[in-house]
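Visitor: I'd like to ask some things about the structure below.
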Amino acid sequence: MREVAVPDIGDFKDVEVIEILVKPGDTVAAEQSLITVESDKASMEIPSPGAGVVKELKLKVGDKVSQGSAILVLEEAGPTAAPAPKAAPATAKPTPVPATPAATAPASAIPAPSAPPRAAVDAASAEPMTVKVPDIGDFKDIEVIEVLVKPGDTVAKEQSLITLESDKATMEIPSPAAGVVQELRVKTGDKVSQGAAILVLKATGAQALAGAPSAAGSTAAPALAPVAAAAVAAAPLPPIPREPREATQSKPHASPSVRKFARELGVDLSRVKGSGPKARILHADVQAFVKGALAAVPAAAPAAKGGALPFNLPAWPDVDFAKFGPVEVKPLTRLQKLSGPNLHRNWISIPHITQFDEADITDLEAFRKSNTAETEKQGFKLTMLAFLIKACVTALRQHPNFNSSLERSGENLVVKKYYNIGVAVDTPDGLVVPVVRDADRKGVFEVARELADISKLARDKRLKPGDMQGGTFSISSLGGIGGTAFTPIINAPEVAILGVSKSALRPVWDGKGFVPRLMLPLSLSYDHRVIDGAAAARFTAYLASVLGDIRRTLL
């Protein structure tokens, strides 16, 4: 058994543990990272001095550690275990660290270099200058993992320009002066060393060289390497001020291992919300982001591009149907090609639940029929759908969450104070959903007349894009065709849709006996992220009561 401790990290103490990368029972290899520690400006990982099995952890996230602090107990795997590292790799002797305050920086962090020396700038302040990589010790060919500015950007002095990364640490290169970026000389993935050109900067006035040390008096930046693996080979310069980096918000707060993990998965860390200390992005945050992205992927039709499907599902079957018998190949209509991917996206990204109920519309149907003669004289038909729209508006007022949309971030609900009801219309080319706007301000006759108009426009292919936008709730009615129930797909970004099937006479117990009543099947699909089952049941029950007594629409 061996107790692994924090190696020599210079004169600095109480460095925070922000991640523990192993747990008891894990088998680790020599040089495998065990914990991540962080100072104000950088982070580093402490590697294992040898191979073995973790028997016990001696610290937790949030603890403050210094040289000699116990990390864990390791059961080593035989005599090949390496000695504990000091301030240098196992292949090199530790390099002493100067102890003077002016020459020492936190060894637990990789201090960002100060402004490059005057030799790193090609021209005077009045002319464009080529900003170069300053002294970063003996290390060469370090990868550029982020370019934080672009041509045309105005940058402040000491604002970070690029981020470099070695195996275990990251650092940012600051601007030597305020100015405007004219040209980039590097891109993400390039390998750079001291003196490599970063960009061309048009400095603003005398600030170009303000604060830049002279060639004789400049101090070298620290080598880009983990403290546990290498000592600081030269006196470090002051760290990058926090203000410029926060102002640009261009660098996600994450450790090198998390950055590497994110790159392997193709994740843009700027889109990931960190849950660690100081909003630091952890491995678990990247994993959660990937899971969320997979759940919300706007997939196209399964066989559209080579049969590839999301979520690593088996490929869509490629079958030669003609070998089994005669076939006819009919291309999808343009409308089907457009609506299909949207329906697929909605079905995959929204957790659908469907609540089924019935409404007694015996009296409502009698009332509708008594008024059809009058509406036909006016040139339109009074349909049950017009009454359904008005009833839905009444129910939405009582249950406003059904008249809402979930923000893309998933953190807020936008509750709408207007009532635009989308109505699914069947056409020879496919389904369209025109919108009846401000349905709460219109009477049943006016709604019925508008329904007749938009249905005709839909069948004649004369609907405009604006006619199908701005809906807050949708209705899909199959009452004129048949069926007893179905599961309609929610029309994103709405959170619910009402499906209506064919009404039928059924015996209903009235307390004394069974009487024939005209019952209308209702199928309410809702977004379970916003609406729970109890709320959906209350909504359909209330809607059924309104349809049972249309006078409720006046309340």
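A note on labels: chains of the structure tokens are A, B, ... as shown, every chain counts residues from 1, and ligands are counted from 1 in their shown order.
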Can you pull out the residues contacting Glu407 of chain A? Cut-off 12 Å, using only C-alpha atoms, and skip same-chain residues under 2 positions away; I want them as a VMD selection string.
Guide: chain A and resid 404 to 405 409 to 415 492 to 495 529 to 530
Visitor: Can you tell me which residues surround Leu385 of chain A at a distance of at most 10 Å, considering only C-alpha atoms, apart from same-chain residues fewer than 2 positions away, and format the answer as JSON, numbers by chain?
Guide: {"A": [382, 383, 387, 388, 389, 390, 391, 423, 444, 447, 448, 451, 475, 476, 477, 479, 500]}
Visitor: Which residues are close to segment 64-67 of chain A, i.e. within 6 Å by only C-alpha atoms, leaving aside same-chain residues fewer than 3 positions away? Reply as a ChimeraX atom specification.
Guide: /A:6-9,13-16
Visitor: Nearest to Ala541 of chain A among A:Ser523, A:Thr27, A:Gln378, A:Ser501, with distances taken over only C-alpha atoms: which residue is it?
Guide: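 Checking each candidate against Ala541 of chain A, we get A:Ser523 as the closest.
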Visitor: Considering only C-alpha atoms, state which residue in the set A:Leu294, A:Ile35, A:Ala534, A:Leu457 is at the smallest distance from Ala70 of chain A.
Guide: A:Ile35
Visitor: Counting only C-alpha atoms, figure out which residue out of A:Asn371, A:Thr362, A:Glu31, A:His253 gets nearest to Val515 of chain A.
Guide: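 The shortest atom-to-atom distance to Val515 of chain A comes from A:Thr362.
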Visitor: Nearest to Leu547 of chain A: which of A:Ile361, A:Ala504, A:Ile454, A:Val432 is it, counting only C-alpha atoms?
Guide: A:Ile361
Visitor: May I have the residues within 8 Å of segment 261-273 of chain A as a PDB file with C-alpha atoms, in the first residue's frame, using only C-alpha atoms and disregarding those fewer than 5 positions away in the same chain?
Guide:
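The result, written out as around33.pdb:
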ATOM      1  CA  SER A 250     -15.145  33.468 -24.987  1.00  0.00           C
ATOM      2  CA  LYS A 251     -13.452  30.759 -22.926  1.00  0.00           C
ATOM      3  CA  PRO A 252     -15.527  28.048 -21.282  1.00  0.00           C
ATOM      4  CA  ALA A 279     -19.765  27.285 -13.074  1.00  0.00           C
ATOM      5  CA  ILE A 281     -17.857  22.397 -16.751  1.00  0.00           C
ATOM      6  CA  HIS A 283     -17.300  15.492 -17.382  1.00  0.00           C
ATOM      7  CA  ASP A 285     -21.993  18.178 -17.789  1.00  0.00           C
ATOM      8  CA  VAL A 286     -20.588  17.191 -21.185  1.00  0.00           C
ATOM      9  CA  PHE A 289     -25.295  17.841 -22.933  1.00  0.00           C
ATOM     10  CA  VAL A 290     -24.718  14.996 -25.386  1.00  0.00           C
TER      11      VAL A 290
END
Visitor: Would you compute the distance between atom CA of Leu554 of chain A and atom CA of Gly499 of chain A? Give it in Å to one decimal.
Guide: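 Distance between the two atoms: 23.8 Å.
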Visitor: For the strand (DSSP E or B) assignment from backbone DSSP, which residues of segment 302-511 of chain A qualify? Please present them as a VMD selection string.
Guide: chain A and resid 352 to 360 404 to 406 413 to 415 421 to 423 425 to 427 430 to 432 435 to 436 473 to 477 496 to 500 504 to 509
Visitor: I need the chosen residues saved as a compact mmCIF listing (two decimals), in the first residue's frame, with N, CA and C atoms.
Guide:
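Dumped to part.txt:
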# COMPACT_ATOMS: atom_id res chain seq x y z
N HIS A 352 -44.22 12.74 -25.61
CA HIS A 352 -45.67 12.75 -25.80
C HIS A 352 -46.38 11.84 -24.80
N ILE A 353 -47.45 12.35 -24.23
CA ILE A 353 -48.42 11.54 -23.48
C ILE A 353 -49.79 11.91 -24.03
N THR A 354 -50.70 10.94 -24.15
CA THR A 354 -52.03 11.24 -24.67
C THR A 354 -53.09 10.88 -23.64
N GLN A 355 -53.95 11.84 -23.34
CA GLN A 355 -55.08 11.67 -22.42
C GLN A 355 -56.36 11.50 -23.24
N PHE A 356 -57.12 10.45 -22.95
CA PHE A 356 -58.35 10.17 -23.70
C PHE A 356 -59.57 10.47 -22.81
N ASP A 357 -60.61 11.01 -23.45
CA ASP A 357 -61.84 11.33 -22.73
C ASP A 357 -62.99 11.36 -23.72
N GLU A 358 -64.19 11.60 -23.23
CA GLU A 358 -65.37 11.72 -24.07
C GLU A 358 -66.19 12.91 -23.64
N ALA A 359 -66.84 13.56 -24.59
CA ALA A 359 -67.73 14.68 -24.30
C ALA A 359 -69.13 14.36 -24.81
N ASP A 360 -70.11 14.67 -24.00
CA ASP A 360 -71.52 14.48 -24.39
C ASP A 360 -71.95 15.73 -25.19
N SER A 404 -49.05 27.67 -24.08
CA SER A 404 -47.69 28.16 -23.83
C SER A 404 -46.70 27.47 -24.75
N SER A 405 -45.43 27.88 -24.60
CA SER A 405 -44.31 27.22 -25.30
C SER A 405 -43.12 27.18 -24.37
N LEU A 406 -42.35 26.10 -24.46
CA LEU A 406 -41.14 25.96 -23.68
C LEU A 406 -40.00 26.65 -24.41
N LEU A 413 -41.01 29.00 -19.31
CA LEU A 413 -42.24 28.72 -20.04
C LEU A 413 -42.83 30.06 -20.49
N VAL A 414 -43.12 30.18 -21.78
CA VAL A 414 -43.71 31.41 -22.33
C VAL A 414 -45.22 31.19 -22.42
N VAL A 415 -45.95 31.83 -21.54
CA VAL A 415 -47.42 31.70 -21.51
C VAL A 415 -48.00 32.84 -22.35
N ILE A 421 -55.65 29.42 -32.82
CA ILE A 421 -55.89 27.98 -32.86
C ILE A 421 -55.56 27.42 -34.24
N GLY A 422 -54.60 26.49 -34.30
CA GLY A 422 -54.26 25.82 -35.54
C GLY A 422 -55.22 24.68 -35.81
N VAL A 423 -55.60 24.53 -37.08
CA VAL A 423 -56.56 23.49 -37.47
C VAL A 423 -55.93 22.65 -38.58
N VAL A 425 -55.73 20.53 -41.71
CA VAL A 425 -56.59 20.40 -42.89
C VAL A 425 -55.99 19.34 -43.80
N ASP A 426 -56.82 18.38 -44.18
CA ASP A 426 -56.39 17.31 -45.08
C ASP A 426 -56.51 17.79 -46.52
N THR A 427 -55.42 17.71 -47.27
CA THR A 427 -55.43 18.10 -48.69
C THR A 427 -54.90 16.93 -49.51
N GLY A 430 -51.23 16.41 -48.76
CA GLY A 430 -50.79 16.16 -47.40
C GLY A 430 -51.45 17.11 -46.41
N LEU A 431 -50.93 17.09 -45.20
CA LEU A 431 -51.53 17.83 -44.10
C LEU A 431 -50.94 19.24 -43.99
N VAL A 432 -51.81 20.23 -43.79
CA VAL A 432 -51.37 21.59 -43.48
C VAL A 432 -52.15 22.07 -42.25
N VAL A 435 -54.01 28.74 -39.30
CA VAL A 435 -54.30 29.24 -37.96
C VAL A 435 -55.49 30.20 -37.98
N VAL A 436 -56.43 29.99 -37.06
CA VAL A 436 -57.52 30.93 -36.82
C VAL A 436 -57.04 31.88 -35.74
N PHE A 473 -52.21 26.59 -29.99
CA PHE A 473 -52.83 25.30 -29.66
C PHE A 473 -53.44 24.77 -30.96
N SER A 474 -53.41 23.45 -31.16
CA SER A 474 -53.90 22.89 -32.43
C SER A 474 -54.99 21.85 -32.20
N ILE A 475 -55.82 21.70 -33.24
CA ILE A 475 -56.88 20.69 -33.23
C ILE A 475 -56.75 19.88 -34.51
N SER A 476 -56.78 18.55 -34.36
CA SER A 476 -56.79 17.65 -35.50
C SER A 476 -58.07 16.83 -35.42
N SER A 477 -58.99 17.09 -36.35
CA SER A 477 -60.30 16.44 -36.30
C SER A 477 -60.45 15.39 -37.40
N ALA A 496 -49.36 21.23 -26.69
CA ALA A 496 -50.49 20.30 -26.67
C ALA A 496 -51.25 20.38 -27.99
N ILE A 497 -51.95 19.29 -28.30
CA ILE A 497 -52.81 19.24 -29.48
C ILE A 497 -54.00 18.36 -29.15
N LEU A 498 -55.18 18.75 -29.61
CA LEU A 498 -56.40 17.99 -29.36
C LEU A 498 -56.78 17.19 -30.59
N GLY A 499 -56.93 15.90 -30.43
CA GLY A 499 -57.43 15.04 -31.49
C GLY A 499 -58.90 14.74 -31.26
N VAL A 500 -59.70 14.81 -32.32
CA VAL A 500 -61.15 14.58 -32.22
C VAL A 500 -61.53 13.47 -33.20
N ALA A 504 -70.45 9.19 -31.70
CA ALA A 504 -71.31 8.01 -31.82
C ALA A 504 -72.34 8.00 -30.70
N LEU A 505 -73.52 7.47 -31.02
CA LEU A 505 -74.56 7.32 -30.01
C LEU A 505 -74.22 6.15 -29.09
N ARG A 506 -74.28 6.42 -27.77
CA ARG A 506 -73.97 5.38 -26.81
C ARG A 506 -74.95 5.44 -25.64
N PRO A 507 -75.21 4.29 -25.03
CA PRO A 507 -76.07 4.30 -23.84
C PRO A 507 -75.32 4.86 -22.64
N VAL A 508 -75.87 5.87 -22.02
CA VAL A 508 -75.23 6.52 -20.88
C VAL A 508 -76.19 6.48 -19.69
N TRP A 509 -75.69 6.09 -18.56
CA TRP A 509 -76.50 6.01 -17.35
C TRP A 509 -76.75 7.41 -16.80
Visitor: Considering only helix (DSSP H, G or I) as DSSP defines it on the backbone, what residues of segment 287-504 of chain A qualify? List them as a ChimeraX atom specification.
Guide: /A:287-295,321-324,334-349,362-377,384-398,400-403,439-441,444-459,465-468
Visitor: Can you list, as a VMD selection string, every protein, DNA or RNA residue that comes within 6 Å of segment 45-60 of chain A when you count only C-alpha atoms, leaving out same-chain residues fewer than 5 positions away?
Guide: chain A and resid 24 to 36 70 to 77 81 to 84 228
Visitor: Emit the selected residues as an mmCIF file, in the first residue's frame, including C-alpha atoms.
Guide:
data_model
loop_
_atom_site.group_PDB
_atom_site.id
_atom_site.type_symbol
_atom_site.label_atom_id
_atom_site.label_comp_id
_atom_site.auth_asym_id
_atom_site.auth_seq_id
_atom_site.Cartn_x
_atom_site.Cartn_y
_atom_site.Cartn_z
ATOM 1 C CA PRO A 24 -12.126 3.436 -4.840
ATOM 2 C CA GLY A 25 -11.748 0.226 -6.808
ATOM 3 C CA ASP A 26 -10.530 1.912 -10.003
ATOM 4 C CA THR A 27 -7.419 0.533 -11.666
ATOM 5 C CA VAL A 28 -5.104 3.371 -12.692
ATOM 6 C CA ALA A 29 -2.035 3.501 -14.881
ATOM 7 C CA ALA A 30 1.158 5.411 -14.204
ATOM 8 C CA GLU A 31 0.733 9.098 -15.084
ATOM 9 C CA GLN A 32 -3.073 8.761 -15.224
ATOM 10 C CA SER A 33 -4.722 11.887 -13.817
ATOM 11 C CA LEU A 34 -6.118 11.517 -10.295
ATOM 12 C CA ILE A 35 -7.433 14.971 -9.386
ATOM 13 C CA THR A 36 -7.738 18.429 -10.932
ATOM 14 C CA ALA A 70 -2.779 13.071 0.957
ATOM 15 C CA ILE A 71 -4.740 12.296 -2.216
ATOM 16 C CA LEU A 72 -5.465 8.578 -1.949
ATOM 17 C CA VAL A 73 -4.177 5.163 -0.936
ATOM 18 C CA LEU A 74 -2.876 3.111 -3.862
ATOM 19 C CA GLU A 75 -2.253 -0.623 -3.919
ATOM 20 C CA GLU A 76 0.620 -0.751 -6.376
ATOM 21 C CA ALA A 77 0.801 -3.300 -9.150
ATOM 22 C CA ALA A 81 5.617 1.381 -9.731
ATOM 23 C CA ALA A 82 7.436 4.654 -10.241
ATOM 24 C CA PRO A 83 8.493 6.932 -7.391
ATOM 25 C CA ALA A 84 6.275 9.859 -6.525
ATOM 26 C CA ALA A 228 3.371 17.593 -10.991
#
